[in-house]
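S.K.: Structure provided below as structure tokens; questions to follow.
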Amino acid sequence: MARIYHSRLVNASGIVDKAHKGKYAVGHFNINNLEWTKSLLEAAQASNTPIILGASEGAIKYMGGYKVVASLVNELLDALQITVPVALHLDHGQTVESCKKAIDAGFSSVMYDGSHHPFEENLSNTKEVLLYAKHYDVSVEAEIGTIGGEEDGVVGTGEIADPKEATIMVATGIDFLAAGIGNIHGPYPAGWKGLNFEALEQIQAAAKLGMVLHGGSGIPKEQVIHAISLGISKINVNTELQIAFAQATRKYIEAGKDLPENGKGFDPRKLLKPGCDAIKDTFNELTEWFGSKGKA
Ligand code: 13P
């Protein structure tokens with residue numbers, strides 16, 4: 001149970017484990033504000049789908065801090081009468097301290113991303129996070145190898161993970177493992193080689209627990225489905241929702257619907273609605289691919 005005593009959040013361990021056994025993947029969708037959070041929760045509830053809401057350190061800072069984010073999510077769970085399993089997860093926690101802060105604020109799951117440190121340091125910091133997290137029944141994700149691209153100022157070169165490190169990392173008692181397998185944050189560049197399924201198979205054979213695919217935006221459907229069949233049980237999506245939201249908003253503005261001479265379309269509740277609908281459509285399409293739709 002997360003630290004806010006009345007929280008209806010669940011940790012992500014059970015839902016990812018169930019997905020791993022059932023050969024599907026739970027969607028981790030990054031949140032940026034009220035509209036993102038509300039749209040995703042409504043879409044998850046309407047389709048009876050478990051969901052992990054991810055918040056990066058940058059998004060948390062933008063929204064006003066860990067407590068604001070935990071309160072926003074918890075209050076929406078009550079207000080919207082959400083009954084599907086929802087986990088609130090710190091995405092790419094950069095320090096042990098930031099993981100502890102998230103846990104203290106009521107997050108039900110954290111990722112400690114020590115992938116930019118030497119492996120021994122990554123391992124010992126992950127252990128420290130685990131010790132704190134397990135006391136509050138918070139799930140923990142660790143990372144080996146690195147994810148390519150840039151997210152919130154963190155740049156990865158895309159180093160493929162080593163299966164030996166997977167075995168050692170999993171022995172610490174983590175709940176799920178992120179591994180570099182050729183995946184990249186942000187849009188995939190032309191000429192991208194695709195996911196490295198051979199590496200995924202080797203890491204899964206060593207890890208034997210649910211694995212996380214970061215950079216879930218823009219990977220072709222067949223690759224996503226193949227990756228799930230090889231042990232991917234949590235897929236992180238951020239960019240794709242941002243693009244869908246921006247495109248729908250652009251269309252609305254380019255049609256002049258926000259202009260005062262055309263009515264009250266400048267009201268944020270109207271202005272942001274097409275973007276919110278686009279978030280829901282993207283959620284529905286991707287959870288269909290992931291096989292998690294209706295699995296609450
Ligand atoms: P994308 O922005 O590429 O979807 O990646 C999201 C992610 O991996 C968050 O951890």
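Labels used: A, B, ... for chains in the order of the structure tokens, numbers from 1 for residues in each chain, and numbers from 1 for ligands as shown.
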Can you tell me which residues come within 8 Å of ligand 1 when counting only C-alpha atoms and all ligand atoms, ideally as an MDAnalysis selection string?

M.R.: chainID A and resid 28:30 54 56 91:92 151 184:188 213:218 235:241

S.K.: Residues within 7 Å of A:Met211, please, as an MDAnalysis selection string. Count only C-alpha atoms; anything in the same chain fewer than 3 positions from it doesn't count.

M.R.: chainID A and resid 176:178 231:234

S.K.: In Å, with one decimal, what is the gap from atom CA of A:Thr249 to atom CA of A:Gly275?

M.R.: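 Straight-line distance from atom CA of A:Thr249 to atom CA of A:Gly275 works out to 5.5 Å.
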
S.K.: Restricting the calculation to only C-alpha atoms: of A:Leu80, A:Met63, A:Val129, A:Thr167, which residue gets closest to A:Thr95?

M.R.: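 That would be A:Val129, the residue with the smallest distance to A:Thr95.
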
S.K.: Dump as CSV the rows for residues of stretch 103-220 of chain A within 10 Å of stretch 64-67 of chain A: closest atom pair and distance in Å with one decimal, only C-alpha atoms counted, ordered by chain and rising residue number.

M.R.:
```
residue,atom,partner,partner_atom,distance
A:Ile103,CA,A:Tyr66,CA,9.0
A:Asp104,CA,A:Lys67,CA,8.6
A:Ala105,CA,A:Lys67,CA,5.0
A:Gly106,CA,A:Lys67,CA,7.5
A:Phe107,CA,A:Tyr66,CA,8.2
```

S.K.: Would you output that residue set with all heavy atoms, as a short mmCIF file (atom, residue, chain, number, x, y, z; two decimals), in the first residue's frame?

M.R.:
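Saved to again.cif:
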```
data_model
loop_
_atom_site.label_atom_id
_atom_site.label_comp_id
_atom_site.auth_asym_id
_atom_site.auth_seq_id
_atom_site.Cartn_x
_atom_site.Cartn_y
_atom_site.Cartn_z
N ILE A 103 8.29 7.95 -2.93
CA ILE A 103 7.65 6.99 -2.02
C ILE A 103 7.00 7.75 -0.85
O ILE A 103 5.86 7.49 -0.49
CB ILE A 103 8.68 5.95 -1.51
CG1 ILE A 103 9.17 5.09 -2.68
CG2 ILE A 103 8.10 5.08 -0.40
CD1 ILE A 103 10.43 4.27 -2.42
N ASP A 104 7.73 8.71 -0.31
CA ASP A 104 7.18 9.50 0.80
C ASP A 104 5.91 10.25 0.39
O ASP A 104 5.02 10.46 1.20
CB ASP A 104 8.22 10.53 1.29
CG ASP A 104 9.36 9.86 2.05
OD1 ASP A 104 9.21 8.67 2.40
OD2 ASP A 104 10.39 10.52 2.28
N ALA A 105 5.85 10.66 -0.87
CA ALA A 105 4.69 11.43 -1.33
C ALA A 105 3.50 10.53 -1.64
O ALA A 105 2.38 11.01 -1.78
CB ALA A 105 5.06 12.23 -2.57
N GLY A 106 3.73 9.21 -1.77
CA GLY A 106 2.62 8.30 -2.01
C GLY A 106 2.64 7.59 -3.36
O GLY A 106 1.66 6.94 -3.72
N PHE A 107 3.75 7.70 -4.11
CA PHE A 107 3.85 6.93 -5.35
C PHE A 107 3.84 5.44 -4.96
O PHE A 107 4.41 5.06 -3.93
CB PHE A 107 5.15 7.25 -6.10
CG PHE A 107 5.11 8.53 -6.90
CD1 PHE A 107 4.75 9.74 -6.30
CD2 PHE A 107 5.43 8.54 -8.25
CE1 PHE A 107 4.71 10.92 -7.04
CE2 PHE A 107 5.40 9.71 -9.01
CZ PHE A 107 5.04 10.90 -8.40
#
```
